[in-house]
file target_6.csv (CSV, C-alpha atoms and all ligand atoms)
chain,number,residue,atom,x,y,z
A,1,MET,CA,-144.0,56.5,-45.5
A,2,LYS,CA,-141.7,55.4,-42.7
A,3,PHE,CA,-141.8,51.7,-42.1
A,4,ALA,CA,-139.0,51.6,-39.5
A,5,PHE,CA,-140.7,54.3,-37.3
A,6,MET,CA,-139.5,52.9,-34.0
A,7,CYS,CA,-135.8,53.7,-34.4
A,8,LYS,CA,-133.3,55.7,-36.5
A,9,LYS,CA,-130.8,53.0,-37.3
A,10,GLY,CA,-130.9,49.2,-37.2
A,11,GLN,CA,-128.2,47.4,-35.2
A,12,GLY,CA,-128.5,43.9,-36.5
A,13,GLY,CA,-127.0,40.9,-34.9
A,14,ARG,CA,-130.2,39.3,-33.5
A,15,GLY,CA,-130.8,36.8,-36.2
A,16,LYS,CA,-131.9,36.5,-39.8
A,17,VAL,CA,-135.5,36.8,-41.0
A,18,ALA,CA,-137.0,36.4,-44.5
A,19,VAL,CA,-140.2,38.3,-45.4
A,20,VAL,CA,-142.0,36.9,-48.5
A,21,GLY,CA,-144.0,39.7,-50.1
A,22,GLY,CA,-143.2,43.4,-50.0
A,23,GLY,CA,-146.7,44.9,-49.5
A,24,PRO,CA,-147.9,46.9,-46.6
A,25,ALA,CA,-148.0,43.9,-44.2
A,26,GLY,CA,-144.5,42.8,-45.2
A,27,LEU,CA,-143.0,46.3,-45.1
A,28,ALA,CA,-144.5,47.2,-41.8
A,29,ALA,CA,-143.2,44.0,-40.3
A,30,THR,CA,-139.8,44.6,-41.8
A,31,GLY,CA,-139.6,48.0,-40.2
A,32,TYR,CA,-140.5,46.6,-36.8
A,33,LEU,CA,-138.0,43.7,-37.1
A,34,VAL,CA,-135.0,45.9,-38.1
A,35,CYS,CA,-135.7,48.1,-35.1
A,36,GLN,CA,-135.6,45.0,-32.9
A,37,GLY,CA,-132.1,44.2,-34.3
A,38,TYR,CA,-132.8,41.6,-37.0
A,39,GLU,CA,-131.3,41.3,-40.4
A,40,VAL,CA,-134.2,41.2,-42.9
A,41,ASP,CA,-134.3,40.0,-46.5
A,42,VAL,CA,-137.5,40.7,-48.5
A,43,TYR,CA,-138.4,38.5,-51.4
A,44,GLU,CA,-140.8,40.2,-53.9
A,45,LYS,CA,-142.1,38.9,-57.2
A,46,LEU,CA,-142.7,42.3,-58.7
A,47,PRO,CA,-140.0,44.8,-59.8
A,48,LEU,CA,-140.8,47.2,-57.0
A,49,ALA,CA,-142.0,46.8,-53.4
A,50,GLY,CA,-145.2,48.3,-52.0
A,51,GLY,CA,-147.7,45.5,-53.1
A,52,LEU,CA,-151.1,46.8,-54.0
A,53,MET,CA,-150.1,50.3,-52.7
A,54,MET,CA,-147.9,50.4,-55.8
A,55,PHE,CA,-149.7,48.2,-58.3
A,56,GLY,CA,-153.3,48.3,-57.3
A,57,ILE,CA,-154.4,51.4,-55.6
A,58,PRO,CA,-154.4,54.6,-57.7
A,59,PRO,CA,-151.5,56.9,-57.1
A,60,TYR,CA,-153.8,59.9,-56.3
A,61,ARG,CA,-154.9,57.9,-53.2
A,62,ILE,CA,-151.5,56.5,-52.1
A,63,PRO,CA,-148.6,58.6,-53.5
A,64,ARG,CA,-146.0,56.2,-55.0
A,65,ASP,CA,-143.1,58.4,-54.1
A,66,SER,CA,-143.9,58.2,-50.5
A,67,VAL,CA,-144.0,54.3,-50.6
A,68,LEU,CA,-140.7,54.3,-52.5
A,69,GLU,CA,-139.1,56.6,-50.0
A,70,GLY,CA,-140.0,54.2,-47.2
A,71,VAL,CA,-138.5,51.3,-49.1
A,72,GLU,CA,-135.3,53.2,-49.8
A,73,ASP,CA,-135.1,54.1,-46.1
A,74,LEU,CA,-135.3,50.4,-45.2
A,75,GLU,CA,-132.5,49.6,-47.8
A,76,LYS,CA,-130.1,52.5,-47.0
A,77,ASN,CA,-130.5,53.0,-43.3
A,78,PHE,CA,-131.4,49.5,-42.1
A,79,GLY,CA,-129.5,47.2,-44.6
A,80,VAL,CA,-132.7,45.4,-45.7
A,81,LYS,CA,-132.0,43.4,-48.9
A,82,PHE,CA,-134.8,43.3,-51.4
A,83,SER,CA,-134.8,40.5,-54.0
A,84,TYR,CA,-137.1,41.6,-56.7
A,85,ARG,CA,-138.7,39.6,-59.6
A,86,THR,CA,-138.4,36.6,-57.2
A,87,LYS,CA,-141.3,34.3,-56.6
A,88,VAL,CA,-141.2,32.1,-53.5
A,89,PHE,CA,-143.2,28.9,-53.8
A,90,CYS,CA,-143.2,25.4,-52.3
A,91,GLY,CA,-142.7,23.0,-55.2
A,92,GLU,CA,-143.9,23.7,-58.7
A,93,PRO,CA,-145.1,27.3,-58.7
A,94,ARG,CA,-148.8,28.1,-59.5
A,95,HIS,CA,-149.4,31.0,-61.9
A,96,ASP,CA,-151.0,34.1,-60.1
A,97,GLU,CA,-151.7,37.6,-61.4
A,98,GLY,CA,-148.5,39.8,-61.5
A,99,ASP,CA,-146.3,36.8,-62.3
A,100,GLU,CA,-145.0,38.1,-65.6
A,101,PHE,CA,-142.0,39.9,-64.1
A,102,VAL,CA,-140.8,36.8,-62.2
A,103,SER,CA,-137.3,35.7,-63.4
A,104,ASN,CA,-136.3,33.7,-60.4
A,105,VAL,CA,-138.2,31.1,-58.3
A,106,ILE,CA,-137.0,30.1,-54.9
A,107,ASP,CA,-138.4,27.1,-53.0
A,108,LEU,CA,-140.1,28.0,-49.7
A,109,LYS,CA,-138.5,25.0,-48.0
A,110,LYS,CA,-135.0,26.4,-48.9
A,111,LEU,CA,-135.8,29.6,-47.0
A,112,VAL,CA,-137.2,27.7,-44.1
A,113,ASP,CA,-133.8,25.9,-43.8
A,114,GLU,CA,-131.7,29.1,-44.3
A,115,TYR,CA,-133.4,31.6,-42.0
A,116,ASP,CA,-134.1,31.8,-38.2
A,117,ALA,CA,-137.7,32.8,-39.0
A,118,LEU,CA,-140.0,33.6,-41.9
A,119,LEU,CA,-143.0,35.9,-42.4
A,120,LEU,CA,-145.3,35.1,-45.3
A,121,THR,CA,-147.3,38.2,-46.6
A,122,THR,CA,-148.2,37.3,-50.2
A,123,GLY,CA,-151.6,38.9,-50.4
A,124,ILE,CA,-154.5,38.2,-52.8
A,125,TRP,CA,-153.2,38.1,-56.3
A,126,SER,CA,-155.9,36.0,-58.0
A,127,SER,CA,-159.3,37.4,-59.1
A,128,ARG,CA,-162.7,35.7,-59.1
A,129,ARG,CA,-164.4,35.5,-62.5
A,130,LEU,CA,-167.9,36.7,-63.0
A,131,GLY,CA,-169.1,33.1,-63.2
A,132,VAL,CA,-171.7,33.6,-66.0
A,133,PRO,CA,-171.6,32.5,-69.7
A,134,GLY,CA,-169.3,34.7,-71.8
A,135,ASP,CA,-167.1,35.9,-68.9
A,136,ASN,CA,-164.0,34.9,-70.9
A,137,ALA,CA,-164.8,37.0,-74.0
A,138,LYS,CA,-162.4,39.6,-75.2
A,139,GLY,CA,-162.9,42.9,-73.4
A,140,VAL,CA,-163.7,41.2,-70.0
A,141,PHE,CA,-161.1,41.8,-67.3
A,142,SER,CA,-160.9,41.5,-63.6
A,143,ALA,CA,-160.7,44.9,-61.9
A,144,LEU,CA,-157.2,44.1,-60.4
A,145,GLU,CA,-155.9,43.0,-63.8
A,146,TYR,CA,-157.2,46.2,-65.4
A,147,VAL,CA,-155.9,48.7,-62.9
A,148,TYR,CA,-152.6,46.8,-62.5
A,149,SER,CA,-152.0,46.9,-66.3
A,150,TRP,CA,-152.4,50.7,-66.2
A,151,TRP,CA,-149.9,51.1,-63.4
A,152,VAL,CA,-147.4,48.7,-64.9
A,153,TYR,CA,-147.8,50.7,-68.2
A,154,GLU,CA,-147.4,54.1,-66.5
A,155,LEU,CA,-144.4,53.0,-64.4
A,156,GLY,CA,-142.7,52.1,-67.7
A,157,TYR,CA,-142.6,48.3,-67.1
A,158,SER,CA,-144.8,47.6,-70.2
A,159,THR,CA,-145.2,49.3,-73.6
A,160,HIS,CA,-148.7,47.7,-74.0
A,161,LYS,CA,-151.3,50.4,-73.4
A,162,PRO,CA,-154.4,48.9,-71.8
A,163,PRO,CA,-157.7,49.4,-73.6
A,164,VAL,CA,-159.8,52.5,-73.0
A,165,GLY,CA,-163.4,51.6,-73.0
A,166,ASN,CA,-166.2,53.5,-74.6
A,167,LYS,CA,-169.0,52.1,-72.5
A,168,VAL,CA,-167.7,50.3,-69.4
A,169,VAL,CA,-169.6,48.1,-67.0
A,170,VAL,CA,-168.0,47.5,-63.6
A,171,VAL,CA,-169.5,44.7,-61.5
A,172,GLY,CA,-169.0,44.9,-57.7
A,173,GLY,CA,-169.3,47.3,-54.7
A,174,GLY,CA,-165.9,47.1,-53.1
A,175,TYR,CA,-162.7,49.2,-53.3
A,176,SER,CA,-161.5,47.4,-56.5
A,177,ALA,CA,-164.8,48.2,-58.1
A,178,ILE,CA,-164.5,51.9,-57.2
A,179,ASP,CA,-161.0,52.1,-58.4
A,180,ALA,CA,-161.8,50.3,-61.7
A,181,ALA,CA,-164.7,52.6,-62.4
A,182,GLU,CA,-162.7,55.8,-61.5
A,183,VAL,CA,-159.6,54.7,-63.5
A,184,SER,CA,-161.7,53.8,-66.6
A,185,LEU,CA,-163.3,57.3,-66.4
A,186,MET,CA,-160.0,59.0,-66.0
A,187,LYS,CA,-158.5,57.1,-68.9
A,188,GLY,CA,-161.2,58.4,-71.2
A,189,ALA,CA,-164.2,56.1,-71.1
A,190,LYS,CA,-167.4,57.9,-72.2
A,191,GLU,CA,-169.8,56.1,-69.9
A,192,VAL,CA,-169.0,54.0,-66.9
A,193,TYR,CA,-171.7,52.0,-65.0
A,194,LEU,CA,-170.9,50.8,-61.5
A,195,THR,CA,-173.3,47.9,-60.8
A,196,TYR,CA,-174.0,46.2,-57.5
A,197,ARG,CA,-176.3,43.4,-56.5
A,198,ARG,CA,-177.3,45.0,-53.1
A,199,THR,CA,-177.9,48.7,-52.3
A,200,ILE,CA,-175.4,51.5,-51.6
A,201,LYS,CA,-175.9,50.9,-47.9
A,202,GLU,CA,-174.4,47.4,-48.2
A,203,ALA,CA,-171.6,48.3,-50.6
A,204,PRO,CA,-168.3,47.2,-49.0
A,205,ALA,CA,-166.5,50.4,-50.2
A,206,GLY,CA,-169.0,52.5,-48.2
A,207,GLU,CA,-171.6,55.0,-49.2
A,208,TYR,CA,-169.1,57.9,-49.2
A,209,GLU,CA,-166.8,56.3,-51.8
A,210,VAL,CA,-169.7,55.4,-54.1
A,211,ARG,CA,-171.1,58.9,-53.9
A,212,ARG,CA,-167.7,60.4,-54.6
A,213,VAL,CA,-167.2,58.5,-57.9
A,214,VAL,CA,-170.9,59.2,-58.8
A,215,SER,CA,-170.1,63.0,-58.4
A,216,GLU,CA,-167.2,62.5,-60.9
A,217,GLY,CA,-169.6,61.0,-63.5
A,218,VAL,CA,-169.8,57.3,-62.8
A,219,LYS,CA,-173.4,55.9,-63.1
A,220,TRP,CA,-174.4,53.8,-60.0
A,221,VAL,CA,-176.9,51.1,-60.7
A,222,GLU,CA,-177.9,49.0,-57.6
A,223,LEU,CA,-179.9,45.8,-57.1
A,224,ILE,CA,-178.8,44.2,-60.4
A,225,GLN,CA,-176.7,41.1,-61.0
A,226,PRO,CA,-175.2,39.8,-64.3
A,227,THR,CA,-176.7,36.7,-65.8
A,228,LYS,CA,-174.5,36.6,-68.9
A,229,VAL,CA,-172.0,38.5,-70.9
A,230,VAL,CA,-173.4,39.3,-74.4
A,231,VAL,CA,-170.7,38.4,-77.0
A,232,SER,CA,-170.4,39.1,-80.7
A,233,ASN,CA,-167.4,37.8,-82.7
A,234,ASP,CA,-165.7,36.8,-79.4
A,235,ARG,CA,-165.9,40.3,-78.1
A,236,VAL,CA,-168.1,41.7,-75.3
A,237,VAL,CA,-170.9,43.9,-76.6
A,238,GLY,CA,-173.0,44.1,-73.4
A,239,VAL,CA,-174.0,42.5,-70.1
A,240,GLU,CA,-177.4,40.9,-69.4
A,241,PHE,CA,-178.5,41.7,-65.8
A,242,VAL,CA,-181.5,40.6,-63.7
A,243,LYS,CA,-183.0,42.9,-61.1
A,244,MET,CA,-182.6,41.9,-57.5
A,245,ARG,CA,-184.5,42.5,-54.3
A,246,LEU,CA,-183.2,42.2,-50.7
A,247,GLY,CA,-184.3,39.1,-48.8
A,248,GLU,CA,-183.5,37.7,-45.3
A,249,PRO,CA,-180.0,38.2,-43.9
A,250,ASP,CA,-177.4,35.6,-45.2
A,251,GLU,CA,-174.5,34.1,-43.3
A,252,THR,CA,-172.6,37.4,-43.4
A,253,GLY,CA,-175.6,39.2,-41.7
A,254,ARG,CA,-176.3,41.3,-44.9
A,255,PRO,CA,-179.6,41.0,-46.7
A,256,ARG,CA,-179.5,38.3,-49.3
A,257,PRO,CA,-180.0,39.6,-52.9
A,258,VAL,CA,-182.7,37.6,-54.6
A,259,PRO,CA,-183.3,37.7,-58.4
A,260,VAL,CA,-186.6,39.0,-59.6
A,261,PRO,CA,-187.7,36.7,-62.5
A,262,GLY,CA,-188.6,38.4,-65.8
A,263,THR,CA,-186.5,41.5,-65.2
A,264,GLU,CA,-183.6,40.6,-67.5
A,265,HIS,CA,-182.2,43.5,-69.4
A,266,VAL,CA,-179.0,44.4,-71.2
A,267,ILE,CA,-176.5,47.2,-70.6
A,268,GLU,CA,-174.3,47.8,-73.7
A,269,ALA,CA,-170.6,47.7,-73.0
A,270,ASP,CA,-167.3,47.2,-74.9
A,271,LEU,CA,-165.3,46.8,-71.6
A,272,VAL,CA,-166.4,44.8,-68.6
A,273,LEU,CA,-164.5,44.9,-65.3
A,274,ALA,CA,-165.3,42.2,-62.8
A,275,ALA,CA,-164.6,43.3,-59.2
A,276,VAL,CA,-166.3,40.4,-57.5
A,277,GLY,CA,-163.5,39.4,-55.2
A,278,GLU,CA,-159.8,38.5,-54.9
A,279,ILE,CA,-158.5,35.2,-53.7
A,280,PRO,CA,-155.6,34.7,-51.3
A,281,THR,CA,-152.3,33.5,-52.9
A,282,PRO,CA,-150.2,31.7,-50.4
A,283,PRO,CA,-146.7,30.6,-51.6
A,284,LEU,CA,-147.9,27.0,-51.5
A,285,SER,CA,-150.7,24.9,-52.8
A,286,THR,CA,-152.4,23.3,-49.8
A,287,GLU,CA,-149.6,22.2,-47.6
A,288,CYS,CA,-145.8,22.6,-47.4
A,289,ASP,CA,-144.1,20.5,-44.7
A,290,GLY,CA,-146.7,21.6,-42.0
A,291,ILE,CA,-147.5,25.1,-43.4
A,292,LYS,CA,-151.2,24.8,-44.4
A,293,ALA,CA,-153.6,26.8,-46.5
A,294,ASP,CA,-157.3,26.5,-45.9
A,295,PRO,CA,-158.6,24.5,-48.8
A,296,LYS,CA,-161.8,26.6,-49.1
A,297,ARG,CA,-160.7,30.2,-48.3
A,298,ARG,CA,-157.1,29.7,-49.6
A,299,THR,CA,-155.9,31.7,-46.6
A,300,ILE,CA,-152.8,30.6,-44.7
A,301,VAL,CA,-153.8,28.9,-41.5
A,302,VAL,CA,-152.3,30.5,-38.4
A,303,ASN,CA,-152.8,30.4,-34.6
A,304,GLU,CA,-153.5,33.3,-32.3
A,305,ARG,CA,-149.8,34.2,-32.5
A,306,MET,CA,-149.9,34.4,-36.3
A,307,GLN,CA,-147.8,31.2,-36.4
A,308,THR,CA,-148.3,28.6,-39.1
A,309,GLY,CA,-148.0,24.8,-38.5
A,310,VAL,CA,-144.2,25.3,-38.6
A,311,GLU,CA,-143.2,27.3,-35.4
A,312,LYS,CA,-140.6,29.6,-37.1
A,313,VAL,CA,-142.9,30.5,-40.0
A,314,PHE,CA,-145.4,33.3,-39.4
A,315,ALA,CA,-148.0,34.8,-41.8
A,316,ALA,CA,-149.9,38.1,-42.0
A,317,GLY,CA,-151.9,40.5,-44.1
A,318,ASP,CA,-154.5,39.7,-46.7
A,319,VAL,CA,-153.1,36.2,-47.3
A,320,VAL,CA,-154.3,35.4,-43.7
A,321,THR,CA,-157.5,37.5,-43.4
A,322,GLY,CA,-158.7,37.5,-47.1
A,323,PRO,CA,-159.2,40.9,-48.9
A,324,SER,CA,-158.9,43.7,-46.4
A,325,MET,CA,-157.5,47.2,-46.2
A,326,ILE,CA,-154.1,48.8,-45.9
A,327,GLY,CA,-154.5,49.8,-42.2
A,328,LYS,CA,-155.6,46.2,-41.3
A,329,ALA,CA,-152.7,44.7,-43.3
A,330,ILE,CA,-150.2,46.9,-41.5
A,331,GLY,CA,-151.7,46.0,-38.1
A,332,SER,CA,-151.6,42.3,-39.0
A,333,GLY,CA,-147.9,42.6,-40.2
A,334,LEU,CA,-146.9,44.4,-36.9
A,335,LYS,CA,-148.8,41.8,-34.8
A,336,ALA,CA,-147.0,38.9,-36.6
A,337,ALA,CA,-143.6,40.7,-36.3
A,338,THR,CA,-144.1,41.1,-32.5
A,339,HIS,CA,-144.9,37.4,-32.1
A,340,LEU,CA,-142.0,36.4,-34.3
A,341,ASP,CA,-139.7,38.6,-32.2
A,342,HIS,CA,-141.0,37.0,-29.0
A,343,PHE,CA,-140.5,33.6,-30.5
A,344,LEU,CA,-136.8,34.3,-31.4
A,345,ARG,CA,-136.1,35.9,-28.1
A,346,ALA,CA,-137.4,32.9,-26.3
A,347,LYS,CA,-135.1,30.7,-28.5
A,348,LYS,CA,-132.3,33.2,-27.8
A,349,VAL,CA,-131.2,33.5,-31.5
A,350,MET,CA,-128.2,35.8,-31.5
A,401,LIG,C1,-157.7,47.3,-56.8
A,401,LIG,C2,-157.6,47.5,-55.3
A,401,LIG,C3,-157.8,48.7,-54.7
A,401,LIG,C4,-157.7,48.9,-53.3
A,401,LIG,N1,-157.9,50.1,-52.7
A,401,LIG,C5,-157.8,50.3,-51.4
A,401,LIG,C6,-157.9,51.5,-50.8
A,401,LIG,O1,-158.2,52.5,-51.4
A,401,LIG,N2,-157.7,51.6,-49.4
A,401,LIG,C7,-157.4,50.6,-48.6
A,401,LIG,O2,-157.2,50.7,-47.4
A,401,LIG,N3,-157.3,49.3,-49.2
A,401,LIG,C8,-157.4,49.2,-50.5
A,401,LIG,N4,-157.3,47.9,-51.1
A,401,LIG,C9,-156.9,46.8,-50.2
A,401,LIG,C10,-155.4,46.9,-49.8
A,401,LIG,O3,-154.6,47.2,-51.0
A,401,LIG,C11,-154.9,45.5,-49.3
A,401,LIG,O4,-155.7,45.2,-48.2
A,401,LIG,C12,-153.4,45.6,-48.8
A,401,LIG,O5,-152.6,46.0,-49.8
A,401,LIG,C13,-153.0,44.2,-48.3
A,401,LIG,O6,-151.6,44.2,-48.0
A,401,LIG,P1,-150.7,42.9,-48.0
A,401,LIG,O7,-149.4,43.3,-47.7
A,401,LIG,O8,-151.4,41.8,-47.2
A,401,LIG,O9,-150.8,42.4,-49.6
A,401,LIG,P2,-150.3,43.1,-50.9
A,401,LIG,O10,-150.4,44.5,-50.9
A,401,LIG,O11,-151.0,42.4,-52.0
A,401,LIG,O12,-148.8,42.7,-51.0
A,401,LIG,C14,-148.4,41.3,-51.2
A,401,LIG,C15,-147.0,41.3,-51.9
A,401,LIG,O13,-146.6,40.0,-52.1
A,401,LIG,C16,-146.0,39.8,-53.4
A,401,LIG,N5,-146.1,38.4,-53.7
A,401,LIG,C17,-147.3,37.7,-53.8
A,401,LIG,N6,-147.0,36.3,-54.0
A,401,LIG,C18,-145.6,36.2,-53.9
A,401,LIG,C19,-144.7,35.1,-53.9
A,401,LIG,N7,-145.2,33.9,-54.1
A,401,LIG,N8,-143.4,35.4,-53.8
A,401,LIG,C20,-142.9,36.7,-53.7
A,401,LIG,N9,-143.7,37.7,-53.6
A,401,LIG,C21,-145.1,37.5,-53.7
A,401,LIG,C22,-146.9,40.7,-54.3
A,401,LIG,O14,-146.3,41.0,-55.5
A,401,LIG,C23,-147.1,41.9,-53.4
A,401,LIG,O15,-146.1,42.9,-53.5
A,401,LIG,C24,-157.4,47.7,-52.5
A,401,LIG,C25,-157.3,46.5,-53.1
A,401,LIG,C26,-157.4,46.3,-54.5
A,401,LIG,C27,-157.2,45.0,-55.1

call {"tool": "encode", "arguments": {"input": "target_6.csv", "output": "structure tokens"}}
result
Amino acid sequence: MKFAFMCKKGQGGRGKVAVVGGGPAGLAATGYLVCQGYEVDVYEKLPLAGGLMMFGIPPYRIPRDSVLEGVEDLEKNFGVKFSYRTKVFCGEPRHDEGDEFVSNVIDLKKLVDEYDALLLTTGIWSSRRLGVPGDNAKGVFSALEYVYSWWVYELGYSTHKPPVGNKVVVVGGGYSAIDAAEVSLMKGAKEVYLTYRRTIKEAPAGEYEVRRVVSEGVKWVELIQPTKVVVSNDRVVGVEFVKMRLGEPDETGRPRPVPVPGTEHVIEADLVLAAVGEIPTPPLSTECDGIKADPKRRTIVVNERMQTGVEKVFAAGDVVTGPSMIGKAIGSGLKAATHLDHFLRAKKVM
């Protein structure tokens, strides 16, 4: 994976830029900026760069070596400085998923003072809960938490082996759900149910991905929604679902799933993986000296030039759009880097 694909060597000398978050959006932007002659420092809370390409998406989909080669190229050939295990936050830091490696916290305001410009690409490192009784029982995890713990373990950053389920219920129809189902099966689960409240046609991961994991042995059950997690001695023993039917289109344009009363039933499970959405995690609570997060969506608020309320601070990737895909995050990082470059050129930072 070549992030600095526009040139062979960086020349530097055109100003200093800090990139907060070393996922696809941040790395693509870094590659663009070093080729434009900027000196770039990347601040990353995890022990490696790559973001969800390294710690979320299974390695058989995105080879880790290829991501690491791209990062090494930025370091060796373009002088990019990576500060790992470093969380950037405005004020008292909030706890997000993946924070257990953080050994250093830097205030966002300090970086704003020190650098000619900043790019914030901190992604979506907080998972929604199921939101039904029992969803905090032992054996209930978010999909991101579960796959992340496997990759952390396999990369040698933890000696704690994640649990292998016997009967696993995954709730959701997006990429995280597909990955959680496939990973549980690969790790030795006997039965894996992938459950979704609409039909395969509406599943955000797409029909192809669902059919692919079904061909591997995952059981697809559509038009059901959890009503509670069944718990015994603090541990999950099953999930109660209600059947759904499709109603009129909702605000997203997709048919609204409507519960069918009296159709409650239980699927037994000893591991439940909730893939019901991730929430953006900007490096600030709601506002940091003019940089704002949308109080409802938690995304960083930017204008059409990807610029926050502070003119030299830009933002890109999932933390701006909400959960998306690698290609879109890369596109967003490149767009923000282009505007950042135009901004500094107009200021004539040398
Ligand atoms: C389980 C899962 C599976 C997926 N599978 C696919 C797939 O198969 N195909 C696909 O196209 N997309 C997939 N996606 C979506 C894709 O991974 C994301 O859209 C993409 O990675 C977003 O890129 P990003 O750079 O915006 O954020 P991220 O990749 O999340 O990178 C953000 C980086 O910022 C760091 N960070 C966060 N907060 C701070 C902070 N305060 N200070 C310093 N560093 C910080 C994080 O550690 C992380 O490295 C999947 C997502 C999930 C959750």

call {"tool": "axis_aligned_box", "arguments": {"input": "target_6.csv", "around": "range 13-31 of chain A", "padding_each_side": "6 Å", "output": "JSON"}}
result
{"center_x": -137.5, "center_y": 42.2, "center_z": -41.8, "size_x": 33.0, "size_y": 23.6, "size_z": 28.6}

call {"tool": "closest_residue", "arguments": {"input": "target_6.csv", "among": "A:Cys7, A:Leu74, A:Val242, A:Asp270", "to": "Ala137 in chain A", "atoms": "all atoms listed in the file"}}
result
A:Asp270

call {"tool": "closest_residue", "arguments": {"input": "target_6.csv", "among": "A:Val80, A:Val310, A:Leu48, A:Ala117", "to": "Ala337 in chain A", "atoms": "all atoms listed in the file"}}
result
A:Ala117

call {"tool": "residues_near_ligand", "arguments": {"input": "target_6.csv", "ligand": "ligand LIG 401 (chain A)", "cutoff": "6 Å", "atoms": "only C-alpha atoms and all ligand atoms", "output": "number ranges by chain"}}
result
A: 20-26, 43-46, 49-53, 56-57, 86-89, 121-124, 144, 175-176, 179, 283, 317-319, 323-327, 329

call {"tool": "closest_residue", "arguments": {"input": "target_6.csv", "among": "A:Phe141, A:Ala205, A:Ser158, A:Glu72", "to": "Glu100 in chain A", "atoms": "only C-alpha atoms"}}
result
A:Ser158

call {"tool": "atom_distance", "arguments": {"input": "target_6.csv", "atom1": "CA of Val19 in chain A", "atom2": "CA of Gly156 in chain A"}}
result
26.3 Å

call {"tool": "closest_residue", "arguments": {"input": "target_6.csv", "among": "A:Glu92, A:Asp41, A:Glu114, A:Asp289", "to": "Glu75 in chain A", "atoms": "all atoms listed in the file"}}
result
A:Asp41

call {"tool": "closest_residue", "arguments": {"input": "target_6.csv", "among": "A:Lys296, A:His160, A:Lys190, A:Lys348", "to": "Val218 in chain A", "atoms": "all atoms listed in the file"}}
result
A:Lys190

call {"tool": "atom_distance", "arguments": {"input": "target_6.csv", "atom1": "CA of Ile224 in chain A", "atom2": "CA of Ile279 in chain A"}}
result
23.2 Å

call {"tool": "residues_around", "arguments": {"input": "target_6.csv", "residues": "Glu278 in chain A", "least_positions_apart": "4", "cutoff": "8 Å", "atoms": "only C-alpha atoms", "output": "VMD selection string"}}
result
chain A and resid 124 to 128 322 to 323

call {"tool": "atom_distance", "arguments": {"input": "target_6.csv", "atom1": "CA of Leu120 in chain A", "atom2": "CA of Asp73 in chain A"}}
result
21.6 Å

call {"tool": "closest_residue", "arguments": {"input": "target_6.csv", "among": "A:Met306, A:Thr281, A:Lys8, A:Arg198", "to": "Pro249 in chain A", "atoms": "all atoms listed in the file"}}
result
A:Arg198

call {"tool": "closest_atom_pairs", "arguments": {"input": "target_6.csv", "of": "range 111-222 of chain A", "to": "range 250-267 of chain A", "cutoff": "8 Å", "atoms": "all atoms listed in the file", "output": "tab-separated table"}}
result
residue	atom	partner	partner_atom	distance
A:Val169	CA	A:Ile267	CA	7.8
A:Arg197	CA	A:Pro257	CA	6.4
A:Arg198	CA	A:Pro257	CA	6.0
A:Glu202	CA	A:Arg254	CA	7.2

call {"tool": "residues_around", "arguments": {"input": "target_6.csv", "residues": "Ala28 in chain A", "least_positions_apart": "2", "cutoff": "7 Å", "atoms": "all atoms listed in the file", "output": "ChimeraX atom specification"}}
result
/A:3,24-26,30-32,330,333-334

call {"tool": "write_last_selection", "arguments": {"input": "target_6.csv", "atoms": "C-alpha atoms", "output": "CSV table (one decimal), in the frame of the given file"}}
result
chain,number,residue,atom,x,y,z
A,3,PHE,CA,-141.8,51.7,-42.1
A,24,PRO,CA,-147.9,46.9,-46.6
A,25,ALA,CA,-148.0,43.9,-44.2
A,26,GLY,CA,-144.5,42.8,-45.2
A,30,THR,CA,-139.8,44.6,-41.8
A,31,GLY,CA,-139.6,48.0,-40.2
A,32,TYR,CA,-140.5,46.6,-36.8
A,330,ILE,CA,-150.2,46.9,-41.5
A,333,GLY,CA,-147.9,42.6,-40.2
A,334,LEU,CA,-146.9,44.4,-36.9

call {"tool": "residues_around", "arguments": {"input": "target_6.csv", "residues": "Gln225 in chain A", "least_positions_apart": "2", "cutoff": "8 Å", "atoms": "only C-alpha atoms", "output": "ChimeraX atom specification"}}
result
/A:195-197,223,227,241-244,259
